[in-house]
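Next comes query-v8.txt, a file with compact mmCIF, N, CA and C atoms.
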```txt
# COMPACT_ATOMS: atom_id res chain seq x y z
N MET R 37 43.15 110.19 -107.53
CA MET R 37 42.86 108.95 -108.24
C MET R 37 44.12 108.52 -109.00
N LEU R 38 44.37 107.24 -108.97
CA LEU R 38 45.55 106.71 -109.65
C LEU R 38 45.31 106.63 -111.15
N THR R 39 46.37 106.79 -111.90
CA THR R 39 46.29 106.64 -113.34
C THR R 39 46.15 105.16 -113.69
N ASP R 40 45.76 104.86 -114.91
CA ASP R 40 45.68 103.47 -115.35
C ASP R 40 47.03 102.78 -115.23
N LYS R 41 48.09 103.51 -115.56
CA LYS R 41 49.44 102.94 -115.46
C LYS R 41 49.77 102.61 -114.00
N ALA R 42 49.42 103.49 -113.08
CA ALA R 42 49.70 103.26 -111.66
C ALA R 42 48.88 102.07 -111.13
N LEU R 43 47.64 101.96 -111.55
CA LEU R 43 46.81 100.82 -111.15
C LEU R 43 47.39 99.52 -111.69
N HIS R 44 47.85 99.57 -112.94
CA HIS R 44 48.47 98.39 -113.55
C HIS R 44 49.72 97.99 -112.76
N GLU R 45 50.55 98.97 -112.41
CA GLU R 45 51.77 98.71 -111.65
C GLU R 45 51.43 98.14 -110.27
N ARG R 46 50.40 98.64 -109.65
CA ARG R 46 50.00 98.15 -108.33
C ARG R 46 49.56 96.69 -108.42
N LYS R 47 48.88 96.35 -109.50
CA LYS R 47 48.38 94.98 -109.69
C LYS R 47 49.50 94.02 -110.05
N TRP R 48 50.35 94.38 -110.99
CA TRP R 48 51.33 93.46 -111.55
C TRP R 48 52.76 93.70 -111.07
N GLY R 49 53.01 94.75 -110.31
CA GLY R 49 54.38 95.15 -109.95
C GLY R 49 55.23 94.06 -109.30
N ARG R 50 54.62 93.21 -108.49
CA ARG R 50 55.39 92.15 -107.84
C ARG R 50 55.57 90.93 -108.72
N PHE R 51 54.98 90.97 -109.92
CA PHE R 51 55.03 89.82 -110.82
C PHE R 51 55.44 90.28 -112.23
N PRO R 52 56.67 90.80 -112.38
CA PRO R 52 57.05 91.41 -113.65
C PRO R 52 57.03 90.46 -114.84
N SER R 53 57.42 89.20 -114.65
CA SER R 53 57.39 88.27 -115.78
C SER R 53 55.96 87.92 -116.16
N LEU R 54 55.11 87.71 -115.16
CA LEU R 54 53.70 87.47 -115.46
C LEU R 54 53.07 88.67 -116.14
N ASP R 55 53.48 89.87 -115.74
CA ASP R 55 52.98 91.08 -116.38
C ASP R 55 53.30 91.08 -117.87
N ARG R 56 54.53 90.70 -118.19
CA ARG R 56 54.93 90.70 -119.61
C ARG R 56 54.14 89.68 -120.41
N VAL R 57 53.77 88.56 -119.77
CA VAL R 57 53.05 87.50 -120.46
C VAL R 57 51.54 87.72 -120.43
N LEU R 58 51.01 88.17 -119.30
CA LEU R 58 49.56 88.22 -119.12
C LEU R 58 48.99 89.61 -118.83
N GLY R 59 49.83 90.60 -118.63
CA GLY R 59 49.38 91.91 -118.20
C GLY R 59 48.35 92.57 -119.09
N GLN R 60 48.32 92.24 -120.36
CA GLN R 60 47.35 92.83 -121.27
C GLN R 60 46.11 91.96 -121.47
N HIS R 61 46.11 90.77 -120.85
CA HIS R 61 44.95 89.88 -120.95
C HIS R 61 43.90 90.29 -119.92
N PRO R 62 42.64 90.30 -120.31
CA PRO R 62 41.59 90.66 -119.35
C PRO R 62 41.30 89.53 -118.38
N VAL R 63 40.78 89.89 -117.22
CA VAL R 63 40.27 88.89 -116.29
C VAL R 63 39.06 88.25 -116.98
N PRO R 64 38.95 86.92 -116.97
CA PRO R 64 37.80 86.28 -117.63
C PRO R 64 36.49 86.86 -117.10
N SER R 65 35.61 87.18 -118.02
CA SER R 65 34.38 87.90 -117.67
C SER R 65 33.47 87.12 -116.74
N HIS R 66 33.56 85.79 -116.71
CA HIS R 66 32.66 85.04 -115.83
C HIS R 66 32.92 85.31 -114.35
N HIS R 67 34.05 85.92 -114.03
CA HIS R 67 34.33 86.28 -112.64
C HIS R 67 33.59 87.56 -112.21
N TYR R 68 33.01 88.26 -113.17
CA TYR R 68 32.36 89.54 -112.88
C TYR R 68 30.85 89.47 -112.80
N GLY R 69 30.23 88.34 -113.03
CA GLY R 69 28.78 88.26 -112.99
C GLY R 69 28.18 88.54 -114.35
N PHE R 70 26.86 88.47 -114.40
CA PHE R 70 26.16 88.57 -115.68
C PHE R 70 26.00 90.00 -116.18
N THR R 71 25.92 90.96 -115.27
CA THR R 71 25.75 92.36 -115.67
C THR R 71 26.73 93.21 -114.90
N SER R 72 26.80 94.47 -115.28
CA SER R 72 27.74 95.38 -114.61
C SER R 72 27.33 95.64 -113.17
N VAL R 73 26.07 95.38 -112.81
CA VAL R 73 25.63 95.59 -111.43
C VAL R 73 25.61 94.28 -110.63
N SER R 74 25.97 93.17 -111.28
CA SER R 74 26.02 91.89 -110.57
C SER R 74 27.16 91.91 -109.57
N ASP R 75 26.95 91.19 -108.47
CA ASP R 75 28.03 91.05 -107.51
C ASP R 75 29.08 90.13 -108.11
N ASN R 76 30.33 90.30 -107.71
CA ASN R 76 31.38 89.45 -108.24
C ASN R 76 32.33 89.07 -107.11
N ILE R 77 33.15 88.08 -107.39
CA ILE R 77 34.04 87.52 -106.38
C ILE R 77 35.01 88.56 -105.82
N PHE R 78 35.45 89.49 -106.65
CA PHE R 78 36.43 90.48 -106.21
C PHE R 78 35.80 91.45 -105.22
N SER R 79 34.59 91.91 -105.51
CA SER R 79 33.89 92.80 -104.59
C SER R 79 33.52 92.06 -103.31
N GLN R 80 33.11 90.80 -103.43
CA GLN R 80 32.76 90.00 -102.26
C GLN R 80 33.95 89.85 -101.33
N LEU R 81 35.12 89.54 -101.89
CA LEU R 81 36.31 89.37 -101.06
C LEU R 81 36.70 90.67 -100.36
N THR R 82 36.61 91.77 -101.07
CA THR R 82 36.94 93.06 -100.47
C THR R 82 36.02 93.35 -99.29
N ARG R 83 34.72 93.18 -99.50
CA ARG R 83 33.77 93.44 -98.42
C ARG R 83 34.00 92.50 -97.24
N LEU R 84 34.24 91.23 -97.54
CA LEU R 84 34.48 90.24 -96.48
C LEU R 84 35.70 90.62 -95.65
N LEU R 85 36.78 91.01 -96.31
CA LEU R 85 37.99 91.42 -95.59
C LEU R 85 37.77 92.70 -94.79
N GLU R 86 36.98 93.62 -95.33
CA GLU R 86 36.68 94.85 -94.59
C GLU R 86 35.89 94.53 -93.32
N VAL R 87 34.89 93.65 -93.42
CA VAL R 87 34.11 93.28 -92.24
C VAL R 87 34.99 92.56 -91.23
N ALA R 88 35.80 91.60 -91.70
CA ALA R 88 36.66 90.84 -90.80
C ALA R 88 37.66 91.76 -90.09
N ALA R 89 38.24 92.69 -90.82
CA ALA R 89 39.21 93.61 -90.21
C ALA R 89 38.52 94.52 -89.18
N THR R 90 37.32 94.96 -89.49
CA THR R 90 36.57 95.80 -88.55
C THR R 90 36.23 95.02 -87.28
N VAL R 91 35.79 93.78 -87.44
CA VAL R 91 35.48 92.94 -86.29
C VAL R 91 36.72 92.73 -85.43
N GLN R 92 37.83 92.42 -86.07
CA GLN R 92 39.06 92.17 -85.30
C GLN R 92 39.54 93.43 -84.59
N GLU R 93 39.50 94.53 -85.28
CA GLU R 93 39.99 95.79 -84.70
C GLU R 93 39.10 96.28 -83.55
N HIS R 94 37.81 95.98 -83.64
CA HIS R 94 36.86 96.49 -82.64
C HIS R 94 36.17 95.37 -81.88
N ALA R 95 36.90 94.30 -81.60
CA ALA R 95 36.33 93.16 -80.85
C ALA R 95 35.83 93.60 -79.48
N ASP R 96 36.50 94.60 -78.91
CA ASP R 96 36.06 95.08 -77.60
C ASP R 96 34.65 95.66 -77.66
N VAL R 97 34.29 96.30 -78.75
CA VAL R 97 32.95 96.85 -78.91
C VAL R 97 31.94 95.71 -79.01
N VAL R 98 32.30 94.65 -79.76
CA VAL R 98 31.42 93.48 -79.88
C VAL R 98 31.21 92.85 -78.51
N LEU R 99 32.27 92.70 -77.76
CA LEU R 99 32.17 92.08 -76.43
C LEU R 99 31.41 92.94 -75.43
N ALA R 100 31.31 94.24 -75.68
CA ALA R 100 30.65 95.15 -74.75
C ALA R 100 29.16 95.32 -75.04
N VAL R 101 28.63 94.64 -76.03
CA VAL R 101 27.21 94.78 -76.37
C VAL R 101 26.36 94.37 -75.17
N THR R 102 25.39 95.20 -74.85
CA THR R 102 24.50 94.91 -73.71
C THR R 102 23.06 94.66 -74.15
N ASP R 103 22.74 94.98 -75.40
CA ASP R 103 21.39 94.73 -75.90
C ASP R 103 21.22 93.22 -76.07
N THR R 104 20.27 92.64 -75.36
CA THR R 104 20.09 91.19 -75.34
C THR R 104 19.80 90.61 -76.71
N LYS R 105 18.91 91.26 -77.49
CA LYS R 105 18.58 90.74 -78.81
C LYS R 105 19.82 90.69 -79.71
N ILE R 106 20.58 91.77 -79.70
CA ILE R 106 21.79 91.82 -80.52
C ILE R 106 22.81 90.81 -80.01
N ALA R 107 22.99 90.75 -78.70
CA ALA R 107 23.97 89.82 -78.12
C ALA R 107 23.63 88.38 -78.46
N MET R 108 22.35 88.04 -78.52
CA MET R 108 21.93 86.68 -78.85
C MET R 108 22.15 86.36 -80.34
N ARG R 109 22.14 87.38 -81.19
CA ARG R 109 22.31 87.17 -82.63
C ARG R 109 23.76 87.27 -83.08
N LEU R 110 24.59 87.91 -82.29
CA LEU R 110 26.00 88.09 -82.67
C LEU R 110 26.72 86.77 -82.93
N PRO R 111 26.54 85.73 -82.12
CA PRO R 111 27.25 84.48 -82.42
C PRO R 111 26.92 83.92 -83.81
N ASP R 112 25.68 84.06 -84.25
CA ASP R 112 25.32 83.59 -85.59
C ASP R 112 26.05 84.38 -86.67
N ASP R 113 26.09 85.71 -86.49
CA ASP R 113 26.81 86.53 -87.47
C ASP R 113 28.30 86.20 -87.48
N LEU R 114 28.88 86.01 -86.30
CA LEU R 114 30.31 85.69 -86.23
C LEU R 114 30.58 84.30 -86.82
N ASP R 115 29.66 83.37 -86.59
CA ASP R 115 29.79 82.05 -87.19
C ASP R 115 29.72 82.15 -88.71
N ASN R 116 28.77 82.94 -89.22
CA ASN R 116 28.63 83.14 -90.66
C ASN R 116 29.89 83.79 -91.24
N LEU R 117 30.42 84.79 -90.54
CA LEU R 117 31.64 85.45 -91.00
C LEU R 117 32.81 84.46 -91.02
N ALA R 118 32.94 83.67 -89.97
CA ALA R 118 34.03 82.68 -89.93
C ALA R 118 33.89 81.68 -91.07
N HIS R 119 32.68 81.21 -91.33
CA HIS R 119 32.46 80.26 -92.44
C HIS R 119 32.84 80.89 -93.78
N GLN R 120 32.43 82.13 -93.98
CA GLN R 120 32.77 82.79 -95.25
C GLN R 120 34.27 82.99 -95.39
N LEU R 121 34.94 83.32 -94.30
CA LEU R 121 36.41 83.45 -94.34
C LEU R 121 37.08 82.12 -94.63
N HIS R 122 36.57 81.04 -94.04
CA HIS R 122 37.12 79.70 -94.33
C HIS R 122 36.87 79.32 -95.79
N ASP R 123 35.69 79.65 -96.30
CA ASP R 123 35.41 79.38 -97.73
C ASP R 123 36.38 80.15 -98.61
N ALA R 124 36.62 81.42 -98.28
CA ALA R 124 37.55 82.23 -99.06
C ALA R 124 38.96 81.66 -98.98
N SER R 125 39.34 81.17 -97.81
CA SER R 125 40.69 80.60 -97.68
C SER R 125 40.82 79.34 -98.54
N ARG R 126 39.75 78.58 -98.68
CA ARG R 126 39.79 77.40 -99.56
C ARG R 126 39.93 77.82 -101.03
N VAL R 127 39.29 78.90 -101.41
CA VAL R 127 39.44 79.41 -102.78
C VAL R 127 40.89 79.82 -103.01
N PHE R 128 41.47 80.54 -102.06
CA PHE R 128 42.87 80.94 -102.19
C PHE R 128 43.79 79.72 -102.23
N ALA R 129 43.51 78.72 -101.39
CA ALA R 129 44.33 77.50 -101.38
C ALA R 129 44.23 76.78 -102.72
N MET R 130 43.04 76.73 -103.31
CA MET R 130 42.87 76.09 -104.61
C MET R 130 43.70 76.81 -105.68
N HIS R 131 43.65 78.14 -105.67
CA HIS R 131 44.45 78.90 -106.63
C HIS R 131 45.94 78.72 -106.37
N ALA R 132 46.35 78.70 -105.11
CA ALA R 132 47.77 78.51 -104.78
C ALA R 132 48.25 77.14 -105.24
N ASP R 133 47.42 76.11 -105.06
CA ASP R 133 47.79 74.77 -105.53
C ASP R 133 47.96 74.75 -107.04
N PHE R 134 47.04 75.40 -107.75
CA PHE R 134 47.15 75.46 -109.21
C PHE R 134 48.43 76.18 -109.62
N VAL R 135 48.72 77.31 -108.97
CA VAL R 135 49.92 78.08 -109.31
C VAL R 135 51.18 77.26 -109.02
N ASP R 136 51.19 76.51 -107.92
CA ASP R 136 52.34 75.64 -107.62
C ASP R 136 52.55 74.61 -108.72
N ARG R 137 51.47 73.97 -109.17
CA ARG R 137 51.59 72.97 -110.24
C ARG R 137 52.05 73.62 -111.54
N LEU R 138 51.51 74.80 -111.85
CA LEU R 138 51.91 75.51 -113.06
C LEU R 138 53.38 75.90 -112.98
N ARG R 139 53.83 76.37 -111.81
CA ARG R 139 55.25 76.71 -111.63
C ARG R 139 56.13 75.51 -111.93
N ASN R 140 55.76 74.33 -111.42
CA ASN R 140 56.54 73.12 -111.67
C ASN R 140 56.58 72.81 -113.16
N ASP R 141 55.44 72.93 -113.84
CA ASP R 141 55.38 72.69 -115.28
C ASP R 141 56.26 73.69 -116.04
N VAL R 142 56.21 74.96 -115.63
CA VAL R 142 57.01 75.99 -116.29
C VAL R 142 58.50 75.74 -116.07
N GLN R 143 58.88 75.33 -114.85
CA GLN R 143 60.28 75.02 -114.59
C GLN R 143 60.77 73.89 -115.47
N GLU R 144 59.97 72.84 -115.61
CA GLU R 144 60.34 71.72 -116.47
C GLU R 144 60.46 72.17 -117.92
N GLN R 145 59.52 72.99 -118.36
CA GLN R 145 59.55 73.48 -119.74
C GLN R 145 60.78 74.36 -119.96
N ALA R 146 61.09 75.24 -119.00
CA ALA R 146 62.26 76.11 -119.13
C ALA R 146 63.54 75.27 -119.20
N PHE R 147 63.62 74.21 -118.42
CA PHE R 147 64.78 73.33 -118.44
C PHE R 147 64.92 72.67 -119.82
N ARG R 148 63.79 72.18 -120.36
CA ARG R 148 63.84 71.56 -121.70
C ARG R 148 64.25 72.57 -122.75
N ILE R 149 63.73 73.78 -122.68
CA ILE R 149 64.09 74.82 -123.65
C ILE R 149 65.58 75.12 -123.57
N ARG R 150 66.09 75.24 -122.34
CA ARG R 150 67.51 75.53 -122.16
C ARG R 150 68.37 74.39 -122.70
N CYS R 151 67.97 73.15 -122.42
CA CYS R 151 68.74 72.00 -122.90
C CYS R 151 68.73 71.93 -124.42
N ASP R 152 67.57 72.23 -125.02
CA ASP R 152 67.47 72.20 -126.48
C ASP R 152 68.29 73.32 -127.12
N ALA R 153 68.46 74.44 -126.41
CA ALA R 153 69.19 75.56 -126.96
C ALA R 153 70.71 75.42 -126.85
N GLU R 154 71.16 74.60 -125.91
CA GLU R 154 72.59 74.41 -125.71
C GLU R 154 73.16 73.57 -126.84
N PRO R 155 74.34 73.94 -127.36
CA PRO R 155 74.95 73.14 -128.41
C PRO R 155 75.29 71.74 -127.89
N GLN R 156 75.09 70.77 -128.74
CA GLN R 156 75.37 69.39 -128.37
C GLN R 156 76.87 69.16 -128.41
N GLN R 157 77.40 68.52 -127.39
CA GLN R 157 78.82 68.18 -127.34
C GLN R 157 79.02 66.85 -128.05
N PRO R 158 80.00 66.78 -128.93
CA PRO R 158 80.27 65.48 -129.57
C PRO R 158 80.76 64.49 -128.54
N ASN R 159 80.42 63.24 -128.74
CA ASN R 159 80.88 62.18 -127.82
C ASN R 159 82.37 62.01 -127.95
N ALA R 160 83.06 62.09 -126.83
CA ALA R 160 84.52 61.91 -126.85
C ALA R 160 84.80 60.41 -126.79
N GLN R 161 85.69 59.96 -127.66
CA GLN R 161 86.04 58.53 -127.69
C GLN R 161 87.50 58.33 -127.50
```
Show the structure stored in the file as structure tokens.
Amino acid sequence: MLTDKALHERKWGRFPSLDRVLGQHPVPSHHYGFTSVSDNIFSQLTRLLEVAATVQEHADVVLAVTDTKIAMRLPDDLDNLAHQLHDASRVFAMHADFVDRLRNDVQEQAFRIRCDAEPQQPNAQ
């Protein structure tokens, strides 16, 4: 089992500046559901990716099904899985768009801070 420090590094390691700013802030509780046994978006995404990876890795097994009842129901399950994956991709796209806009705002703010910190040059006449 990983230590808390190792888990923290695994989560924030690729984002060192964000870690310094947000690493000690908790994930907003509304993402975890109403109780500790409630399903949450993080668990849902993990399970969805596990199912999708299993389907992709073992597509030959799916294609080899000979039980008529199962074979007739498989397209519905695959359609449901595809829809859930598309929904998840839209959630990721929404977050990516927000992060892109925030990055632009941060770049503008950093430029203003740098300009304000630089000594003003007197006008040469």
Point-to-point distance from atom C of R:Ser53 to atom N of R:Asp136, Å rounded to tenths
14.9 Å
re atom CA of R:Arg56 and atom CA of R:Ser79: distance 25.9 Å
Could you pull out the residues in stretch 39-78 of chain R that DSSP calls alpha helix (DSSP H) from the backbone, as a PyMOL selection string?
chain R and resi 40-48+52-58+77-78
Just N, CA and C atoms for this one: save the residues we selected as a tab-separated table (two decimals), in the frame of the given file.
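Now in again_38.tsv:
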```
chain	number	residue	atom	x	y	z
R	40	ASP	N	45.76	104.86	-114.91
R	40	ASP	CA	45.68	103.47	-115.35
R	40	ASP	C	47.03	102.78	-115.23
R	41	LYS	N	48.09	103.51	-115.56
R	41	LYS	CA	49.44	102.94	-115.46
R	41	LYS	C	49.77	102.61	-114.00
R	42	ALA	N	49.42	103.49	-113.08
R	42	ALA	CA	49.70	103.26	-111.66
R	42	ALA	C	48.88	102.07	-111.13
R	43	LEU	N	47.64	101.96	-111.55
R	43	LEU	CA	46.81	100.82	-111.15
R	43	LEU	C	47.39	99.52	-111.69
R	44	HIS	N	47.85	99.57	-112.94
R	44	HIS	CA	48.47	98.39	-113.55
R	44	HIS	C	49.72	97.99	-112.76
R	45	GLU	N	50.55	98.97	-112.41
R	45	GLU	CA	51.77	98.71	-111.65
R	45	GLU	C	51.43	98.14	-110.27
R	46	ARG	N	50.40	98.64	-109.65
R	46	ARG	CA	50.00	98.15	-108.33
R	46	ARG	C	49.56	96.69	-108.42
R	47	LYS	N	48.88	96.35	-109.50
R	47	LYS	CA	48.38	94.98	-109.69
R	47	LYS	C	49.50	94.02	-110.05
R	48	TRP	N	50.35	94.38	-110.99
R	48	TRP	CA	51.33	93.46	-111.55
R	48	TRP	C	52.76	93.70	-111.07
R	52	PRO	N	56.67	90.80	-112.38
R	52	PRO	CA	57.05	91.41	-113.65
R	52	PRO	C	57.03	90.46	-114.84
R	53	SER	N	57.42	89.20	-114.65
R	53	SER	CA	57.39	88.27	-115.78
R	53	SER	C	55.96	87.92	-116.16
R	54	LEU	N	55.11	87.71	-115.16
R	54	LEU	CA	53.70	87.47	-115.46
R	54	LEU	C	53.07	88.67	-116.14
R	55	ASP	N	53.48	89.87	-115.74
R	55	ASP	CA	52.98	91.08	-116.38
R	55	ASP	C	53.30	91.08	-117.87
R	56	ARG	N	54.53	90.70	-118.19
R	56	ARG	CA	54.93	90.70	-119.61
R	56	ARG	C	54.14	89.68	-120.41
R	57	VAL	N	53.77	88.56	-119.77
R	57	VAL	CA	53.05	87.50	-120.46
R	57	VAL	C	51.54	87.72	-120.43
R	58	LEU	N	51.01	88.17	-119.30
R	58	LEU	CA	49.56	88.22	-119.12
R	58	LEU	C	48.99	89.61	-118.83
R	77	ILE	N	33.15	88.08	-107.39
R	77	ILE	CA	34.04	87.52	-106.38
R	77	ILE	C	35.01	88.56	-105.82
R	78	PHE	N	35.45	89.49	-106.65
R	78	PHE	CA	36.43	90.48	-106.21
R	78	PHE	C	35.80	91.45	-105.22
```
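The coordinates place atom N of R:Pro52 at 16.0 Å from atom N of R:Val135.
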Provide an axis-aligned box for all listed atoms of stretch 37-48 of chain R, padding each side by 8 Å; report its centre and its edge lengths in Å to one decimal, as JSON.
```
{"center_x": 47.8, "center_y": 101.8, "center_z": -111.5, "size_x": 25.9, "size_y": 32.7, "size_z": 24.0}
```
So which one's closest to R:Thr90, R:Asp103, R:Phe134, R:Leu117, R:Pro62? Using only C-alpha atoms, please.
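Under the stated criterion, the closest residue is R:Leu117.
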Taking all atoms listed in the file into account, which of R:Leu43, R:Tyr68, R:Ala132, R:Ala124 comes nearest R:Leu81?
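Answer, going by the shortest atom-to-atom distance: R:Ala124.
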